[in-house]
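One structure below.
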Amino acid sequence: MAKFISAIMKITSNIFQVGGQALSHQSDAAVYLIKSGDEAALVDAGTGKGSEDLFSNIRETGTELEFIKYIFVTHCHYDHAGGINQIREITGSRVVAHALDAPYIESGDPEMTASSWYREDMDPSWVDIKIPENEKKFTIGSLEISFIHTPGHTPGSSVITLISDGLLILFGQDIHGPLNDLFRSDRQEYEKSLKFLLTLNADILCEGHFGIYKGRERVKDFIESFL
């Protein structure tokens, strides 16, 4: 499928949006690239249906595919995790997900991954690093990355934070939910997670479906709208 628009989105000197509905495939959630020096990582992987455009977009940032060290998977859903195998095969990257969502990524469970909503099958994908704790640190070049468990949408839903250009960046891919019994959603945990995210006072929110919010007040208003 041809791209809907021709340009990737530069968010900071380290962060680009390289995938999503208008960049790779209409069924993809947003895919973000984090780069520093000769190391890089992706936040989420799309469905896999737009992988060639995704790879092209990554190269447009000046990033070689073999620089991608990690794929940080924020949760198990097909539009965020379905493209893992294609990306790993080309890049050799390691897949990171919370331990509570990893079994559904590895089994391709059609309900928990929501692939049945898309009338698609999700290929089972091995998770290299299963995080059991609430927070784990990673490094990409000179950047420190925090992978933080924020359950509610799914049991293992997580966010990623880092400082880039002096700004706190929050990758909150499905802050908006939805909550559904098929996903084993938990409203109490979801609201607790949203309240935690408010305490971060992020300068930029990179969301999975609703775009990029710049400025602490805009980020705060977006998160609060789901409480």
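Convention: chains lettered A, B, ... in structure tokens order; per-chain residue numbering from 1; ligands numbered from 1 as shown.
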| Do you know which residues are at most 12 Å from Trp117 (chain A) counting only C-alpha atoms, after dropping those on the same chain fewer than 2 positions away, and could you put them as a ChimeraX atom specification? | /A:27,77-79,109-115,119-122,182-183
Please list as a ChimeraX atom specification every residue within 9 Å of Arg218 (chain A), counting only C-alpha atoms and excluding residues in the same chain fewer than 4 positions away.
/A:203-205,213-214,222-223
Nearest residue to Phe16 (chain A) from the set A:Thr150, A:Thr91, A:Ser107, A:Ser164 (distances using only C-alpha atoms)
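Looking only at the distances to Phe16 (chain A), the closest residue turns out to be A:Ser164.
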Listing only residues of region 128-208 of chain A within 12 Å of region 62-71 of chain A, what is the closest atom pair and its distance in Å (to one decimal) for each, using only C-alpha atoms, sorted by chain and residue number ascending, as JSON lines?
```
{"residue": "A:Asp128", "atom": "CA", "partner": "A:Tyr70", "partner_atom": "CA", "distance": 9.6}
{"residue": "A:Ile129", "atom": "CA", "partner": "A:Tyr70", "partner_atom": "CA", "distance": 9.6}
{"residue": "A:Phe138", "atom": "CA", "partner": "A:Tyr70", "partner_atom": "CA", "distance": 9.4}
{"residue": "A:Thr139", "atom": "CA", "partner": "A:Lys69", "partner_atom": "CA", "distance": 9.7}
{"residue": "A:Ile140", "atom": "CA", "partner": "A:Lys69", "partner_atom": "CA", "distance": 7.8}
{"residue": "A:Gly141", "atom": "CA", "partner": "A:Lys69", "partner_atom": "CA", "distance": 10.1}
{"residue": "A:Ile145", "atom": "CA", "partner": "A:Tyr70", "partner_atom": "CA", "distance": 11.1}
{"residue": "A:Phe147", "atom": "CA", "partner": "A:Ile71", "partner_atom": "CA", "distance": 11.5}
{"residue": "A:Ile160", "atom": "CA", "partner": "A:Ile71", "partner_atom": "CA", "distance": 11.5}
```
Write the residues of the preceding selection, restricted to C-alpha atoms, as a PDB file, in the first residue's frame.
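What ended up in result-v9.pdb:
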```pdb
ATOM      1  CA  ASP A 128      13.225 -11.802  24.376  1.00  0.00           C
ATOM      2  CA  ILE A 129      12.985  -9.659  27.521  1.00  0.00           C
ATOM      3  CA  PHE A 138      17.540   0.555  29.197  1.00  0.00           C
ATOM      4  CA  THR A 139      20.094   2.618  27.301  1.00  0.00           C
ATOM      5  CA  ILE A 140      20.101   3.693  23.678  1.00  0.00           C
ATOM      6  CA  GLY A 141      23.358   5.486  22.973  1.00  0.00           C
ATOM      7  CA  ILE A 145      14.942   4.733  28.677  1.00  0.00           C
ATOM      8  CA  PHE A 147       9.917   1.012  30.635  1.00  0.00           C
ATOM      9  CA  ILE A 160       8.143   4.435  27.929  1.00  0.00           C
TER      10      ILE A 160
END
```
Would you kindly return, as a VMD selection string, each protein, DNA or RNA residue with an atom no farther than 9 Å from any atom of Ile15 (chain A), considering only C-alpha atoms and excluding same-chain residues fewer than 5 positions away?
-> chain A and resid 9 to 10 32 to 35 164
Nearby residues (only C-alpha atoms) at most 12 Å from Gly50 (chain A), same-chain spacing under 4 positions excluded, as a ChimeraX atom specification: /A:1-4,18-31,45-46,54-57,79,82-84,86-87
Exercise for the section: Please give the complete set of residues from region 52-179 of chain A that DSSP, run on the backbone, assigns to strand (DSSP E or B), formatted as a VMD selection string. Expected result: chain A and resid 68 to 72 94 to 98 129 to 131 135 to 140 143 to 149 158 to 164 167 to 172
Based on the selection just made, write C-alpha atoms of those residues as a PDB file, in the first residue's frame.
```pdb
ATOM      1  CA  ILE A  68      17.786  -0.999  16.020  1.00  0.00           C
ATOM      2  CA  LYS A  69      18.644  -2.652  19.314  1.00  0.00           C
ATOM      3  CA  TYR A  70      15.171  -3.079  20.863  1.00  0.00           C
ATOM      4  CA  ILE A  71      11.492  -3.156  19.984  1.00  0.00           C
ATOM      5  CA  PHE A  72       9.642  -1.864  23.041  1.00  0.00           C
ATOM      6  CA  ARG A  94      15.388  -7.813  20.822  1.00  0.00           C
ATOM      7  CA  VAL A  95      11.716  -7.635  21.790  1.00  0.00           C
ATOM      8  CA  VAL A  96      10.819  -6.144  25.172  1.00  0.00           C
ATOM      9  CA  ALA A  97       7.361  -6.472  26.769  1.00  0.00           C
ATOM     10  CA  HIS A  98       5.879  -6.753  30.222  1.00  0.00           C
ATOM     11  CA  ILE A 129      12.985  -9.659  27.521  1.00  0.00           C
ATOM     12  CA  LYS A 130       9.948 -10.213  29.738  1.00  0.00           C
ATOM     13  CA  ILE A 131       9.781  -7.543  32.423  1.00  0.00           C
ATOM     14  CA  GLU A 135      10.048  -0.364  35.964  1.00  0.00           C
ATOM     15  CA  LYS A 136      13.192  -1.317  34.089  1.00  0.00           C
ATOM     16  CA  LYS A 137      15.927   0.904  32.627  1.00  0.00           C
ATOM     17  CA  PHE A 138      17.540   0.555  29.197  1.00  0.00           C
ATOM     18  CA  THR A 139      20.094   2.618  27.301  1.00  0.00           C
ATOM     19  CA  ILE A 140      20.101   3.693  23.678  1.00  0.00           C
ATOM     20  CA  LEU A 143      19.763   8.092  26.345  1.00  0.00           C
ATOM     21  CA  GLU A 144      18.292   6.373  29.401  1.00  0.00           C
ATOM     22  CA  ILE A 145      14.942   4.733  28.677  1.00  0.00           C
ATOM     23  CA  SER A 146      12.399   3.808  31.374  1.00  0.00           C
ATOM     24  CA  PHE A 147       9.917   1.012  30.635  1.00  0.00           C
ATOM     25  CA  ILE A 148       7.107   1.435  33.184  1.00  0.00           C
ATOM     26  CA  HIS A 149       4.187  -0.895  33.898  1.00  0.00           C
ATOM     27  CA  SER A 158       3.280  -0.147  29.775  1.00  0.00           C
ATOM     28  CA  VAL A 159       4.667   3.254  28.862  1.00  0.00           C
ATOM     29  CA  ILE A 160       8.143   4.435  27.929  1.00  0.00           C
ATOM     30  CA  THR A 161       9.759   7.664  29.099  1.00  0.00           C
ATOM     31  CA  LEU A 162      13.027   9.447  28.373  1.00  0.00           C
ATOM     32  CA  ILE A 163      14.587  12.891  28.339  1.00  0.00           C
ATOM     33  CA  SER A 164      15.322  14.316  24.873  1.00  0.00           C
ATOM     34  CA  LEU A 167      12.116  17.531  27.565  1.00  0.00           C
ATOM     35  CA  LEU A 168      10.384  14.598  29.271  1.00  0.00           C
ATOM     36  CA  ILE A 169       8.860  12.433  26.550  1.00  0.00           C
ATOM     37  CA  LEU A 170       6.039  10.013  27.366  1.00  0.00           C
ATOM     38  CA  PHE A 171       5.140   7.223  24.965  1.00  0.00           C
ATOM     39  CA  GLY A 172       1.637   6.371  26.182  1.00  0.00           C
TER      40      GLY A 172
END
```
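Distances to His153 (chain A) were evaluated for A:Glu191, A:Asp53, A:Glu133, A:Glu224 using only C-alpha atoms, and the minimum falls at A:Glu191.
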*Among the residues of region 15-207 of chain A, find those DSSP assigns to alpha helix (DSSP H) from the backbone and print them as number ranges by chain.*
A: 51-60, 78-81, 84-91, 102-107, 187-200
Take the selection from the previous step and output its residues with N, CA and C atoms, as a CSV table (one decimal), in the first residue's frame.
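Wrote again-v6.csv, looks like this:
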```csv
chain,number,residue,atom,x,y,z
A,51,SER,N,5.4,-3.0,6.6
A,51,SER,CA,6.8,-3.0,7.0
A,51,SER,C,7.7,-2.4,6.1
A,52,GLU,N,7.5,-2.5,4.7
A,52,GLU,CA,8.4,-1.9,3.8
A,52,GLU,C,8.4,-0.4,3.9
A,53,ASP,N,7.2,0.2,4.0
A,53,ASP,CA,7.2,1.6,4.2
A,53,ASP,C,7.8,2.0,5.5
A,54,LEU,N,7.6,1.2,6.6
A,54,LEU,CA,8.2,1.5,7.9
A,54,LEU,C,9.7,1.5,7.7
A,55,PHE,N,10.3,0.5,7.1
A,55,PHE,CA,11.7,0.4,6.9
A,55,PHE,C,12.3,1.6,6.1
A,56,SER,N,11.5,2.0,5.1
A,56,SER,CA,11.9,3.2,4.3
A,56,SER,C,11.9,4.4,5.1
A,57,ASN,N,10.9,4.6,6.0
A,57,ASN,CA,10.9,5.7,6.9
A,57,ASN,C,12.0,5.8,7.9
A,58,ILE,N,12.3,4.6,8.4
A,58,ILE,CA,13.5,4.5,9.3
A,58,ILE,C,14.7,5.0,8.6
A,59,ARG,N,15.0,4.5,7.4
A,59,ARG,CA,16.2,4.9,6.7
A,59,ARG,C,16.2,6.4,6.4
A,60,GLU,N,15.0,7.0,6.2
A,60,GLU,CA,14.9,8.4,5.9
A,60,GLU,C,15.5,9.3,7.1
A,78,TYR,N,-2.7,-6.4,18.4
A,78,TYR,CA,-2.2,-6.6,17.0
A,78,TYR,C,-1.7,-5.4,16.3
A,79,ASP,N,-2.4,-4.2,16.5
A,79,ASP,CA,-2.0,-3.0,15.8
A,79,ASP,C,-0.7,-2.4,16.3
A,80,HIS,N,-0.2,-2.9,17.5
A,80,HIS,CA,1.0,-2.5,18.1
A,80,HIS,C,2.1,-3.6,18.0
A,81,ALA,N,1.7,-4.8,17.9
A,81,ALA,CA,2.7,-5.9,18.0
A,81,ALA,C,2.7,-6.9,16.9
A,84,ILE,N,6.1,-7.5,14.8
A,84,ILE,CA,7.4,-7.9,15.5
A,84,ILE,C,8.3,-8.8,14.6
A,85,ASN,N,7.7,-9.9,14.1
A,85,ASN,CA,8.6,-10.8,13.4
A,85,ASN,C,9.3,-10.3,12.2
A,86,GLN,N,8.5,-9.5,11.4
A,86,GLN,CA,9.2,-8.9,10.2
A,86,GLN,C,10.3,-7.9,10.6
A,87,ILE,N,10.1,-7.1,11.6
A,87,ILE,CA,11.1,-6.2,12.0
A,87,ILE,C,12.3,-6.9,12.6
A,88,ARG,N,12.1,-7.9,13.5
A,88,ARG,CA,13.2,-8.6,14.1
A,88,ARG,C,14.0,-9.4,13.0
A,89,GLU,N,13.4,-9.9,12.0
A,89,GLU,CA,14.1,-10.7,11.0
A,89,GLU,C,15.1,-9.8,10.2
A,90,ILE,N,14.7,-8.5,10.0
A,90,ILE,CA,15.5,-7.6,9.2
A,90,ILE,C,16.6,-7.0,10.1
A,91,THR,N,16.2,-6.6,11.4
A,91,THR,CA,17.1,-5.8,12.2
A,91,THR,C,17.9,-6.6,13.2
A,102,ALA,N,3.3,-10.8,27.7
A,102,ALA,CA,4.2,-11.6,26.9
A,102,ALA,C,3.5,-12.9,26.4
A,103,PRO,N,2.8,-13.6,27.3
A,103,PRO,CA,2.2,-14.9,26.8
A,103,PRO,C,1.2,-14.7,25.6
A,104,TYR,N,0.5,-13.6,25.6
A,104,TYR,CA,-0.4,-13.4,24.5
A,104,TYR,C,0.3,-13.0,23.2
A,105,ILE,N,1.4,-12.3,23.3
A,105,ILE,CA,2.2,-12.0,22.1
A,105,ILE,C,2.8,-13.3,21.6
A,106,GLU,N,3.2,-14.2,22.5
A,106,GLU,CA,3.9,-15.4,22.1
A,106,GLU,C,2.9,-16.4,21.6
A,107,SER,N,1.7,-16.4,22.0
A,107,SER,CA,0.7,-17.3,21.5
A,107,SER,C,-0.1,-16.8,20.3
A,187,ARG,N,-10.6,-1.4,35.2
A,187,ARG,CA,-10.9,0.0,35.3
A,187,ARG,C,-10.2,0.6,36.5
A,188,GLN,N,-10.1,-0.1,37.6
A,188,GLN,CA,-9.5,0.5,38.8
A,188,GLN,C,-8.0,0.7,38.6
A,189,GLU,N,-7.4,-0.3,38.0
A,189,GLU,CA,-5.9,-0.2,37.6
A,189,GLU,C,-5.7,0.8,36.6
A,190,TYR,N,-6.6,0.9,35.6
A,190,TYR,CA,-6.5,1.9,34.5
A,190,TYR,C,-6.5,3.4,35.1
A,191,GLU,N,-7.4,3.6,36.0
A,191,GLU,CA,-7.5,5.0,36.6
A,191,GLU,C,-6.3,5.3,37.5
A,192,LYS,N,-5.8,4.2,38.2
A,192,LYS,CA,-4.6,4.4,39.0
A,192,LYS,C,-3.4,4.7,38.1
A,193,SER,N,-3.3,4.1,36.9
A,193,SER,CA,-2.2,4.3,36.0
A,193,SER,C,-2.3,5.7,35.4
A,194,LEU,N,-3.5,6.2,35.1
A,194,LEU,CA,-3.7,7.5,34.5
A,194,LEU,C,-3.2,8.6,35.6
A,195,LYS,N,-3.6,8.4,36.8
A,195,LYS,CA,-3.2,9.3,37.9
A,195,LYS,C,-1.7,9.3,38.0
A,196,PHE,N,-1.1,8.1,37.9
A,196,PHE,CA,0.4,8.1,38.0
A,196,PHE,C,1.0,8.9,36.8
A,197,LEU,N,0.5,8.7,35.6
A,197,LEU,CA,1.0,9.4,34.5
A,197,LEU,C,0.9,10.9,34.6
A,198,LEU,N,-0.1,11.4,35.3
A,198,LEU,CA,-0.2,12.8,35.5
A,198,LEU,C,0.9,13.3,36.4
A,199,THR,N,1.4,12.5,37.3
A,199,THR,CA,2.5,12.9,38.2
A,199,THR,C,3.8,13.1,37.5
A,200,LEU,N,3.9,12.5,36.3
A,200,LEU,CA,5.2,12.6,35.5
A,200,LEU,C,5.4,14.0,35.0
```
